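S.K.: My file is final-v7.cif. It has mmCIF, C-alpha atoms:
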data_query
loop_
_atom_site.label_atom_id
_atom_site.label_comp_id
_atom_site.auth_asym_id
_atom_site.auth_seq_id
_atom_site.Cartn_x
_atom_site.Cartn_y
_atom_site.Cartn_z
CA MET A 1 12.62 4.93 21.81
CA THR A 2 11.09 1.57 22.74
CA LYS A 3 7.72 1.83 24.44
CA PRO A 4 7.83 1.05 28.17
CA LEU A 5 6.80 -2.22 29.72
CA LEU A 6 4.19 -1.91 32.48
CA ILE A 7 4.95 -4.01 35.56
CA LEU A 8 2.16 -4.36 38.13
CA GLY A 9 3.57 -5.01 41.58
CA ALA A 10 6.98 -3.58 40.78
CA THR A 11 8.15 -2.75 44.30
CA SER A 12 8.57 -6.23 45.73
CA GLY A 13 9.03 -9.91 45.01
CA ILE A 14 8.96 -11.10 41.42
CA GLY A 15 7.77 -7.70 40.20
CA ARG A 16 10.85 -5.96 41.62
CA CYS A 17 13.09 -8.66 40.13
CA ALA A 18 11.38 -8.18 36.75
CA MET A 19 12.05 -4.46 36.92
CA ASP A 20 15.71 -5.11 37.74
CA GLU A 21 15.97 -7.63 34.89
CA ALA A 22 14.48 -5.19 32.41
CA VAL A 23 16.86 -2.43 33.53
CA ARG A 24 19.75 -4.87 33.18
CA ARG A 25 18.72 -5.23 29.53
CA GLY A 26 18.31 -1.50 28.99
CA LEU A 27 14.52 -1.66 28.66
CA PRO A 28 12.22 1.16 29.81
CA ILE A 29 9.78 0.28 32.59
CA ARG A 30 6.64 1.86 34.01
CA ALA A 31 6.68 0.58 37.58
CA PHE A 32 3.12 0.42 38.95
CA ALA A 33 2.48 -0.04 42.68
CA ARG A 34 0.75 1.61 45.60
CA ARG A 35 4.15 2.67 46.91
CA ALA A 36 5.90 3.24 43.62
CA ASP A 37 6.97 6.68 44.87
CA ALA A 38 9.59 4.84 46.95
CA LEU A 39 11.37 3.86 43.72
CA VAL A 40 14.11 6.00 42.20
CA SER A 41 13.10 7.48 38.87
CA SER A 42 15.60 7.20 36.02
CA ASP A 43 15.83 7.18 32.25
CA LEU A 44 14.59 3.57 32.34
CA VAL A 45 12.28 3.51 35.38
CA GLU A 46 9.10 5.56 35.58
CA PRO A 47 7.43 5.08 38.99
CA PHE A 48 3.64 5.10 38.72
CA VAL A 49 1.64 5.24 41.94
CA GLY A 50 -1.69 3.49 41.56
CA ASP A 51 -4.25 1.02 42.83
CA ALA A 52 -4.62 -2.04 40.60
CA ARG A 53 -8.33 -2.20 41.46
CA SER A 54 -8.84 1.28 40.00
CA ALA A 55 -9.94 1.35 36.37
CA THR A 56 -8.81 4.97 36.12
CA ASP A 57 -5.34 4.27 37.48
CA LEU A 58 -4.86 1.32 35.13
CA ALA A 59 -6.17 3.24 32.13
CA ASN A 60 -3.65 6.00 32.79
CA ALA A 61 -0.81 3.54 33.38
CA LEU A 62 -1.51 1.70 30.12
CA GLN A 63 -1.13 4.75 27.90
CA GLY A 64 1.77 4.23 25.52
CA VAL A 65 2.98 0.86 26.86
CA ARG A 66 3.71 -2.20 24.75
CA ALA A 67 3.03 -5.04 27.21
CA VAL A 68 2.02 -5.81 30.78
CA ILE A 69 3.64 -8.05 33.35
CA TYR A 70 1.23 -8.90 36.17
CA ALA A 71 3.19 -9.72 39.33
CA LEU A 72 0.87 -8.65 42.13
CA GLY A 73 1.04 -10.62 45.34
CA ILE A 74 -0.42 -10.65 48.82
CA THR A 75 1.21 -10.42 52.23
CA GLU A 76 1.13 -13.81 53.89
CA ARG A 77 -0.90 -13.64 57.08
CA LEU A 78 -2.72 -15.99 59.39
CA ALA A 79 -6.13 -14.64 58.34
CA MET A 80 -5.65 -15.88 54.80
CA LEU A 81 -6.53 -19.33 56.16
CA TRP A 82 -10.17 -18.26 56.51
CA GLU A 83 -10.64 -14.90 54.77
CA GLU A 84 -11.96 -14.85 51.22
CA GLU A 85 -9.36 -13.54 48.76
CA THR A 86 -10.41 -11.59 45.66
CA LEU A 87 -7.37 -9.42 44.83
CA PHE A 88 -6.22 -11.52 41.88
CA SER A 89 -9.56 -11.87 40.14
CA ASP A 90 -10.70 -8.32 40.93
CA THR A 91 -7.54 -6.69 39.57
CA THR A 92 -7.36 -8.99 36.56
CA ARG A 93 -10.94 -8.25 35.57
CA VAL A 94 -10.25 -4.50 35.67
CA LEU A 95 -6.92 -4.94 33.88
CA LEU A 96 -8.34 -6.97 31.00
CA ASP A 97 -11.00 -4.35 30.31
CA ALA A 98 -8.43 -1.56 30.52
CA MET A 99 -6.02 -3.37 28.18
CA ALA A 100 -8.76 -3.89 25.61
CA ALA A 101 -9.67 -0.20 25.75
CA ALA A 102 -6.02 0.86 25.44
CA GLU A 103 -5.38 -1.66 22.66
CA VAL A 104 -2.50 -3.28 24.55
CA SER A 105 -2.55 -6.96 23.65
CA ARG A 106 0.42 -8.61 25.41
CA LEU A 107 -0.04 -9.87 28.98
CA VAL A 108 2.36 -12.06 30.94
CA ALA A 109 0.72 -12.99 34.25
CA VAL A 110 2.35 -14.71 37.21
CA THR A 111 0.09 -17.03 39.21
CA GLY A 112 1.66 -20.10 40.83
CA PHE A 113 2.07 -23.86 40.72
CA GLY A 114 -1.19 -25.36 41.94
CA ALA A 115 -3.38 -22.76 40.24
CA GLY A 116 -5.69 -23.64 37.37
CA ARG A 117 -5.05 -26.91 35.64
CA SER A 118 -1.60 -27.30 37.21
CA LYS A 119 -3.41 -28.46 40.34
CA SER A 120 -3.76 -31.87 38.73
CA ALA A 121 0.05 -32.17 38.56
CA MET A 122 0.31 -32.15 42.35
CA SER A 123 0.46 -35.31 44.39
CA TRP A 124 -2.31 -36.00 46.91
CA ILE A 125 -0.01 -34.94 49.76
CA GLU A 126 0.96 -31.73 47.96
CA ARG A 127 -2.67 -30.87 47.20
CA THR A 128 -3.76 -31.52 50.78
CA GLY A 129 -1.08 -29.29 52.31
CA HIS A 130 -1.44 -26.63 49.65
CA ARG A 131 -5.21 -26.46 50.08
CA ALA A 132 -4.94 -26.24 53.86
CA ILE A 133 -2.58 -23.25 53.81
CA LEU A 134 -3.16 -21.50 50.49
CA GLY A 135 -6.61 -22.72 49.55
CA ARG A 136 -8.36 -19.35 49.52
CA PRO A 137 -5.68 -17.34 47.68
CA TYR A 138 -5.32 -20.11 45.11
CA ALA A 139 -9.07 -20.37 44.63
CA ASP A 140 -8.84 -16.75 43.53
CA LYS A 141 -5.85 -17.51 41.30
CA ASP A 142 -8.07 -20.17 39.69
CA ARG A 143 -10.64 -17.48 38.94
CA GLN A 144 -7.89 -15.19 37.68
CA GLU A 145 -6.52 -17.79 35.27
CA ALA A 146 -10.00 -18.49 33.91
CA LEU A 147 -10.49 -14.79 33.18
CA ILE A 148 -7.15 -14.56 31.39
CA ALA A 149 -7.72 -17.71 29.34
CA ASP A 150 -11.04 -16.31 28.09
CA ALA A 151 -9.53 -12.96 27.10
CA SER A 152 -8.85 -12.01 23.49
CA LEU A 153 -5.24 -11.11 24.24
CA ASP A 154 -1.77 -12.53 23.61
CA TRP A 155 -1.54 -13.86 27.15
CA THR A 156 0.90 -16.14 28.91
CA ILE A 157 0.15 -17.67 32.31
CA VAL A 158 3.34 -18.29 34.28
CA ARG A 159 3.32 -20.65 37.27
CA PRO A 160 6.56 -20.66 39.24
CA VAL A 161 7.04 -23.43 41.77
CA ILE A 162 8.30 -22.74 45.34
CA LEU A 163 10.12 -19.40 45.28
CA THR A 164 13.56 -18.74 46.75
CA LYS A 165 15.81 -15.73 47.21
CA GLY A 166 18.54 -17.49 45.24
CA ALA A 167 20.72 -16.05 42.51
CA ARG A 168 19.54 -15.26 39.01
CA SER A 169 20.03 -18.17 36.62
CA GLU A 170 19.17 -18.74 32.99
CA ALA A 171 19.34 -22.52 33.45
CA TYR A 172 15.78 -22.95 34.73
CA LYS A 173 13.24 -25.18 32.99
CA VAL A 174 10.11 -23.97 31.21
CA LEU A 175 7.70 -26.89 31.40
CA ARG A 176 5.16 -26.55 28.62
CA ASP A 177 3.79 -30.10 28.50
CA PRO A 178 1.32 -30.77 31.36
CA ALA A 179 2.71 -34.31 31.56
CA GLU A 180 6.03 -32.80 32.70
CA TRP A 181 4.64 -30.36 35.27
CA ARG A 182 6.09 -30.91 38.74
CA ASN A 183 6.91 -29.05 41.91
CA GLY A 184 10.36 -27.82 42.87
CA LEU A 185 12.29 -24.65 43.61
CA ILE A 186 13.14 -21.56 41.57
CA SER A 187 14.52 -18.13 42.43
CA ARG A 188 12.44 -15.03 41.91
CA ALA A 189 15.26 -13.56 39.81
CA SER A 190 15.13 -16.57 37.47
CA VAL A 191 11.36 -16.19 37.10
CA ALA A 192 11.95 -12.53 36.22
CA HIS A 193 14.37 -13.55 33.47
CA TYR A 194 11.64 -15.65 31.86
CA LEU A 195 9.05 -12.87 32.19
CA ILE A 196 11.20 -10.42 30.25
CA ASP A 197 12.10 -13.09 27.70
CA ALA A 198 8.41 -13.84 27.22
CA VAL A 199 7.79 -10.22 26.27
CA GLU A 200 10.94 -9.67 24.26
CA GLN A 201 10.79 -12.94 22.32
CA GLY A 202 7.01 -13.33 22.10
CA VAL A 203 7.12 -16.91 23.35
CA ASP A 204 4.32 -19.07 24.79
CA LEU A 205 1.46 -16.99 23.41
CA ARG A 206 -1.93 -18.10 24.75
CA ALA A 207 -0.18 -20.81 26.75
CA ASP A 208 0.33 -21.74 30.40
CA VAL A 209 3.72 -22.88 31.65
CA VAL A 210 5.37 -24.05 34.86
CA LEU A 211 8.83 -22.75 35.81
CA THR A 212 11.24 -24.76 37.93
CA ARG A 213 14.98 -25.03 38.51
#
Write the structure described by the file as structure tokens, please.
M.R.:
Amino acid sequence: MTKPLLILGATSGIGRCAMDEAVRRGLPIRAFARRADALVSSDLVEPFVGDARSATDLANALQGVRAVIYALGITERLAMLWEEETLFSDTTRVLLDAMAAAEVSRLVAVTGFGAGRSKSAMSWIERTGHRAILGRPYADKDRQEALIADASLDWTIVRPVILTKGARSEAYKVLRDPAEWRNGLISRASVAHYLIDAVEQGVDLRADVVLTR
């Protein structure tokens, strides 16, 4: 049987959509989240309760998997305007060490448009508004992307633009050339389609892409 795919943040948002997309394709999933026990176990879905900041939890979750999709997110709240955010860099640092120890080499990590070098593709107005509202979380996504880019793994950094609850589509655009990077809209389900494709087809290794409709 095919080894499972580990999805971090599998109970909500893009992570939940990625789990649903994998199941649609008949692929086994290890669904990692603090509240993974709320998921229904099946032949294809193995709920795994864990804390992504815990080296022990990640080491256990990585046993026998073939790839990792990182789709952790934060709950939007007023305090994120002034509170320092470290979830993305903290969990990524632990994950990279755990993957190296477990000899799991494939990582597909979701960050967001405006993180890392995609920031330069934003207009001045976009950057100003983005920094005012999401400056602290995205500063941590910058740190996260730097950690991933320095890792000796087959990584892909995936930056979706503004997310919607729209229908799944395979007609989205994967922008690989920084000269083409731009903002826009894309559904979480469409992002999930790319994430599973990235694992299944081995595309965009050691590359960063922007996804838009």
S.K.: Which residues would end up in the selection if the PyMOL selection byres ((chain A and resi 141) around 9) were applied here, given that I need the answer as an MDAnalysis selection string?
M.R.: chainID A and resid 86:89 111:112 115:116 136:140 142:146
S.K.: Which polymer residues, protein or nucleic acid, are no farther than 10 Å from (5.7, -1.5, 35.0), counting all atoms listed in the file, as JSON, numbers by chain?
M.R.: {"A": [4, 5, 6, 7, 8, 9, 10, 11, 15, 16, 18, 19, 22, 28, 29, 30, 31, 32, 33, 36, 45, 46, 47, 48, 61, 62, 65, 67, 68, 69, 70, 71]}
S.K.: With C-alpha atoms retained, write the just-selected residues as a CSV table (one decimal), in the frame of the given file.
M.R.:
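Output saved as selection-v9.csv:
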chain,number,residue,atom,x,y,z
A,4,PRO,CA,7.8,1.0,28.2
A,5,LEU,CA,6.8,-2.2,29.7
A,6,LEU,CA,4.2,-1.9,32.5
A,7,ILE,CA,5.0,-4.0,35.6
A,8,LEU,CA,2.2,-4.4,38.1
A,9,GLY,CA,3.6,-5.0,41.6
A,10,ALA,CA,7.0,-3.6,40.8
A,11,THR,CA,8.2,-2.8,44.3
A,15,GLY,CA,7.8,-7.7,40.2
A,16,ARG,CA,10.8,-6.0,41.6
A,18,ALA,CA,11.4,-8.2,36.8
A,19,MET,CA,12.0,-4.5,36.9
A,22,ALA,CA,14.5,-5.2,32.4
A,28,PRO,CA,12.2,1.2,29.8
A,29,ILE,CA,9.8,0.3,32.6
A,30,ARG,CA,6.6,1.9,34.0
A,31,ALA,CA,6.7,0.6,37.6
A,32,PHE,CA,3.1,0.4,39.0
A,33,ALA,CA,2.5,0.0,42.7
A,36,ALA,CA,5.9,3.2,43.6
A,45,VAL,CA,12.3,3.5,35.4
A,46,GLU,CA,9.1,5.6,35.6
A,47,PRO,CA,7.4,5.1,39.0
A,48,PHE,CA,3.6,5.1,38.7
A,61,ALA,CA,-0.8,3.5,33.4
A,62,LEU,CA,-1.5,1.7,30.1
A,65,VAL,CA,3.0,0.9,26.9
A,67,ALA,CA,3.0,-5.0,27.2
A,68,VAL,CA,2.0,-5.8,30.8
A,69,ILE,CA,3.6,-8.0,33.4
A,70,TYR,CA,1.2,-8.9,36.2
A,71,ALA,CA,3.2,-9.7,39.3
S.K.: Can you list, as a list of chain:residue names, every protein, DNA or RNA residue that comes within 7 Å of stretch 200-211 of chain A when you count only C-alpha atoms, leaving out same-chain residues fewer than 6 positions away?
M.R.: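 My reading of the contact set: A:Phe113, A:Asp154, A:Trp155, A:Thr156, A:Ile157, A:Val158, A:Arg159, A:Pro160, A:Val161, A:Lys173, A:Val174, A:Leu175, A:Arg176, A:Trp181.
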S.K.: Store the residues picked out above in a file with C-alpha atoms, as an mmCIF file, in the coordinates of the input.
M.R.:
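After the write, again-v9.cif holds the following:
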data_model
loop_
_atom_site.group_PDB
_atom_site.id
_atom_site.type_symbol
_atom_site.label_atom_id
_atom_site.label_comp_id
_atom_site.auth_asym_id
_atom_site.auth_seq_id
_atom_site.Cartn_x
_atom_site.Cartn_y
_atom_site.Cartn_z
ATOM 1 C CA PHE A 113 2.070 -23.860 40.720
ATOM 2 C CA ASP A 154 -1.770 -12.530 23.610
ATOM 3 C CA TRP A 155 -1.540 -13.860 27.150
ATOM 4 C CA THR A 156 0.900 -16.140 28.910
ATOM 5 C CA ILE A 157 0.150 -17.670 32.310
ATOM 6 C CA VAL A 158 3.340 -18.290 34.280
ATOM 7 C CA ARG A 159 3.320 -20.650 37.270
ATOM 8 C CA PRO A 160 6.560 -20.660 39.240
ATOM 9 C CA VAL A 161 7.040 -23.430 41.770
ATOM 10 C CA LYS A 173 13.240 -25.180 32.990
ATOM 11 C CA VAL A 174 10.110 -23.970 31.210
ATOM 12 C CA LEU A 175 7.700 -26.890 31.400
ATOM 13 C CA ARG A 176 5.160 -26.550 28.620
ATOM 14 C CA TRP A 181 4.640 -30.360 35.270
#
S.K.: What separation in Å, quoted to one decimal, exists between atom CA of A:Val23 and atom CA of A:Ser41?
M.R.: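 Answer for the atom CA of A:Val23 to atom CA of A:Ser41 separation: 11.9 Å.
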S.K.: Name the residues that the PyMOL selection byres ((chain A and resi 189-194) around 9) picks from the file above, as a PyMOL selection string, using the file's chain letters and numbers.
M.R.: chain A and resi 13-22+158+160+163-172+174+186-188+195-199+211-213
S.K.: Draw an axis-aligned box over all listed atoms of stretch 17-21 of chain A, pad each side with 3 Å, and write its centre and edge lengths in Å, one decimal, as JSON.
M.R.:
{"center_x": 13.7, "center_y": -6.6, "center_z": 37.5, "size_x": 10.6, "size_y": 10.2, "size_z": 11.2}
S.K.: Would you mind telling me which residue in A:Arg66, A:Leu44, A:Glu83, A:Ser54 lies nearest to A:Ile133 when using all atoms listed in the file?
M.R.: A:Glu83
S.K.: Once the PyMOL selection byres ((chain A and resi 98) around 12) has been applied to the shown file, what residues remain in the selection, as a PDB file with C-alpha atoms, in the frame of the given file?
M.R.:
ATOM      1  CA  ALA A  52      -4.620  -2.040  40.600  1.00  0.00           C
ATOM      2  CA  ARG A  53      -8.330  -2.200  41.460  1.00  0.00           C
ATOM      3  CA  SER A  54      -8.840   1.280  40.000  1.00  0.00           C
ATOM      4  CA  ALA A  55      -9.940   1.350  36.370  1.00  0.00           C
ATOM      5  CA  THR A  56      -8.810   4.970  36.120  1.00  0.00           C
ATOM      6  CA  ASP A  57      -5.340   4.270  37.480  1.00  0.00           C
ATOM      7  CA  LEU A  58      -4.860   1.320  35.130  1.00  0.00           C
ATOM      8  CA  ALA A  59      -6.170   3.240  32.130  1.00  0.00           C
ATOM      9  CA  ASN A  60      -3.650   6.000  32.790  1.00  0.00           C
ATOM     10  CA  ALA A  61      -0.810   3.540  33.380  1.00  0.00           C
ATOM     11  CA  LEU A  62      -1.510   1.700  30.120  1.00  0.00           C
ATOM     12  CA  GLN A  63      -1.130   4.750  27.900  1.00  0.00           C
ATOM     13  CA  VAL A  68       2.020  -5.810  30.780  1.00  0.00           C
ATOM     14  CA  THR A  91      -7.540  -6.690  39.570  1.00  0.00           C
ATOM     15  CA  THR A  92      -7.360  -8.990  36.560  1.00  0.00           C
ATOM     16  CA  ARG A  93     -10.940  -8.250  35.570  1.00  0.00           C
ATOM     17  CA  VAL A  94     -10.250  -4.500  35.670  1.00  0.00           C
ATOM     18  CA  LEU A  95      -6.920  -4.940  33.880  1.00  0.00           C
ATOM     19  CA  LEU A  96      -8.340  -6.970  31.000  1.00  0.00           C
ATOM     20  CA  ASP A  97     -11.000  -4.350  30.310  1.00  0.00           C
ATOM     21  CA  MET A  99      -6.020  -3.370  28.180  1.00  0.00           C
ATOM     22  CA  ALA A 100      -8.760  -3.890  25.610  1.00  0.00           C
ATOM     23  CA  ALA A 101      -9.670  -0.200  25.750  1.00  0.00           C
ATOM     24  CA  ALA A 102      -6.020   0.860  25.440  1.00  0.00           C
ATOM     25  CA  GLU A 103      -5.380  -1.660  22.660  1.00  0.00           C
ATOM     26  CA  VAL A 104      -2.500  -3.280  24.550  1.00  0.00           C
ATOM     27  CA  SER A 105      -2.550  -6.960  23.650  1.00  0.00           C
ATOM     28  CA  LEU A 107      -0.040  -9.870  28.980  1.00  0.00           C
ATOM     29  CA  ALA A 151      -9.530 -12.960  27.100  1.00  0.00           C
ATOM     30  CA  LEU A 153      -5.240 -11.110  24.240  1.00  0.00           C
TER      31      LEU A 153
END
S.K.: Restricting the calculation to all atoms listed in the file, which member of A:Arg24, A:Gly135, A:Leu72, A:Thr2 is positioned closest to A:Val108?
M.R.: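 For A:Val108, the nearest of the given residues is A:Leu72.
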S.K.: Go through A:Lys3, A:Arg35, A:Val49, A:Arg182 one by one, measure the shortest atom-to-atom distance of each to A:Ser123 using only C-alpha atoms, and give the residue with the smallest value.
M.R.: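 The answer is A:Arg182, which sits nearest to A:Ser123.
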S.K.: Please indicate the distance in Å from atom CA of A:Arg131 to atom CA of A:Lys119, rounded to one decimal place.
M.R.: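 Distance reported for this atom pair: 10.1 Å.
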S.K.: Report, in Å to a single decimal, how far apart atom CA of A:Ser118 and atom CA of A:Ser152 are.
M.R.: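 Calculated distance between atom CA of A:Ser152 and atom CA of A:Ser118 is 21.8 Å.
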S.K.: Looking at A:Ser120, A:Thr128, A:Ser42, A:Ser12, which one is nearest to A:Pro178, with distances taken over all atoms listed in the file?
M.R.: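 Nearest candidate to A:Pro178 out of A:Ser120, A:Thr128, A:Ser42, A:Ser12: A:Ser120.
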